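*Asks:* This is the structure, below, for whatever I ask next.
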Amino acid sequence: MKRFAKGLFVALLLTLSSALASAQQGKGLDKRLKEHLYYLTSDELRGREAGTEDAAKASDYIAEQFAQIGLEPYMGESYFQYFTVPTAKNKSFRNVIGIIEGTNPELSNRYIVVGAHYDHLGVQLGKTYPGADDNASGTSALIEVARNLLVNRSTLGRSIIVVAFDAEEMGLYGSTYLAEVMPTERIDLMISMDMVGWLAEAERLTIEGAGTIKDGVKWLAEVPYRGDMKLNLNLYENSLFTATDTRGFAQAGVPTFAVTTGTVSPYHKPSDTADKIDFQGLQEITLFMTSLITEASKDASFGRSGKVASIHSSLPIAQLGLTAVSGRSSMRWPDSALRGKDGHLLGAGATMQFNIGRWFTLRTGARYEWASPKWPSDDKPFGATTRLRTEQLTTPLTIGARLSLADTRTYTFISAGWYYTQRYKASVGKEQVTIGEAGIAREDYGPMWEFGMNAGKWQLTVVNRYGITDLFTTPTQGKTRTRNTYCEISYFF
């Protein structure tokens, strides 16, 4: 009975201590979050465009806040880490970085990096883009998370790196630079808080990257403080169109959490203003992130799963995948202004891609296609049309350039090359047409070009093919060439 009473007393004491700590963290939090966010989105800072005096003022403010709450500079006596951007060499860029040393001798030489970018789009065509949700919200939460962690410093095991990133909107340059110069093998988790100001509208906080740590979904679901907030836990980042500051760290094999309320706000618009921010929700997120980081810091078993999102993984030398084709097929007459009407082009097959170094790709494969171009009738050239249907096998061969600065599976590309087609069947209406002499040419070939985007295992490509061989083998038909324009969607294994 005494043991039970003693255990109950300890449990009540821990609960009371947790409640007192939470109350201390929350005291004045709403007011401070509003002060940070309204200043960062003020007319004085003109949208915080990276490389401008406006962004410099924002970074000065963040450094002042770090100093006021007692955060130690990460490097020497300055909070600023300077770096360059290849496309803007005459401008100055800087991250703002502080550190909270862990208190566990066995864990303090390990790191958790928590960051948020403070730059935005500035002034464009006379309109200011305040960037309240993107990402004054994350920056404001970052400052207050750091304040709360310092209150609980005695409970921290791992050391915490707190960083406000610059030049995210230009291409994730600030976070990429930090990932390049830090000992990433000693980083057990990197967190990016990007657009966290619209919790009420989003109805839940999304954390992408649970699969990058061991038992990530279970671990996140058991974080002690969450209030009434709901979580949406995704194993990996998989967006085709957005990226955040996790990328440079994820490419180095570091587990990453991308934390966001999503794209429900009017981000990247002049209407992304401070008055629209859900400050109650921002408080909840700030307290939750404090708890999450504290738990990860002191949990000795917290570690990497060894898995990474496909959009963050490096490109293999060779890739094999399946391809579907849909588009238009038409005829053209080089010696005439007449042009046949578009018909359908459908197909399916396999794609093989070889990644050559950092910049180049070699693509080939085979697609079985069904083409149905149309040509005008002889007696009514501007009226009725005749549809020709063919079944054919096409093999493309192109060499292209990846339009990306990073060796990852997320990139755009442009390529050019040659294709070869062999036809097997042809018909007009229900009548079969001869393939070969006195009919439809068996072979077709010519130049082609492609423009596409790769994201993880998926690839979307726009293709144009220009035939240089005659479609008909009878001289009476004159010169008739084919042109095919279509989209390919490929999935690589």
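In the structure tokens, chains take letters A, B, ... by order of appearance, with residues numbered from 1 within each chain and ligands from 1 in the order shown.
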Name the residues of segment 315-374 of chain A that come out as strand (DSSP E or B) in a backbone DSSP run; write them as JSON, numbers by chain.

*Replies:* {"A": [318, 319, 320, 321, 322, 323, 324, 325, 326, 327, 328, 329, 330, 331, 332, 339, 343, 344, 345, 346, 347, 348, 349, 350, 351, 352, 353, 354, 355, 356, 360, 361, 362, 363, 364, 365, 366, 367, 368, 369, 370, 371, 374]}

*Asks:* Determine, counting only C-alpha atoms, which protein, DNA and RNA residues have an atom within 12 Å of an atom of Phe249 of chain A; residues of the same chain fewer than 6 positions away are not included. Present the result as a ChimeraX atom specification.

*Replies:* /A:112-115,172-192,212,255-258,308-309,312-313

*Asks:* Residues of segment 35-117 of chain A classed as alpha helix (DSSP H) by DSSP on the backbone are to be reported as a list in words.

*Replies:*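 Residues of segment 35-117 of chain A classed as alpha helix (DSSP H): Glu35, His36, Leu37, Tyr38, Tyr39, Leu40, Glu53, Asp54, Ala55, Ala56, Lys57, Ala58, Ser59, Asp60, Tyr61, Ile62, Ala63, Glu64, Gln65, Phe66, Ala67, Gln68 and Ile69 of chain A.
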
*Asks:* Neighbours of Glu144 of chain A within 9 Å (only C-alpha atoms; same-chain residues fewer than 6 positions away dropped), as a list in words?

*Replies:* Gln25, Leu29, Arg32, Leu33, Thr286, Leu287 and Thr290 of chain A

*Asks:* Between A:Leu233, A:Ala141, A:Val123, A:Leu156, single out the one closest to Pro105 of chain A, counting only C-alpha atoms.

*Replies:*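 That would be A:Leu156, the residue with the smallest distance to Pro105 of chain A.
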
*Asks:* Determine, counting only C-alpha atoms, which protein, DNA and RNA residues have an atom within 6 Å of an atom of Asp342 of chain A; residues of the same chain fewer than 2 positions away are not included. Present the result as a ChimeraX atom specification.

*Replies:* /A:328-330,373

*Asks:* How would the residues just picked look written out with C-alpha atoms as a JSON list (two decimals), in the first residue's frame?

*Replies:*
[["chain", "number", "residue", "atom", "x", "y", "z"],
["A", 328, "ARG", "CA", -2.08, 13.54, -81.02],
["A", 329, "SER", "CA", -0.99, 12.15, -84.37],
["A", 330, "SER", "CA", -1.29, 14.06, -87.66],
["A", 373, "PRO", "CA", -4.15, 10.49, -88.08]]
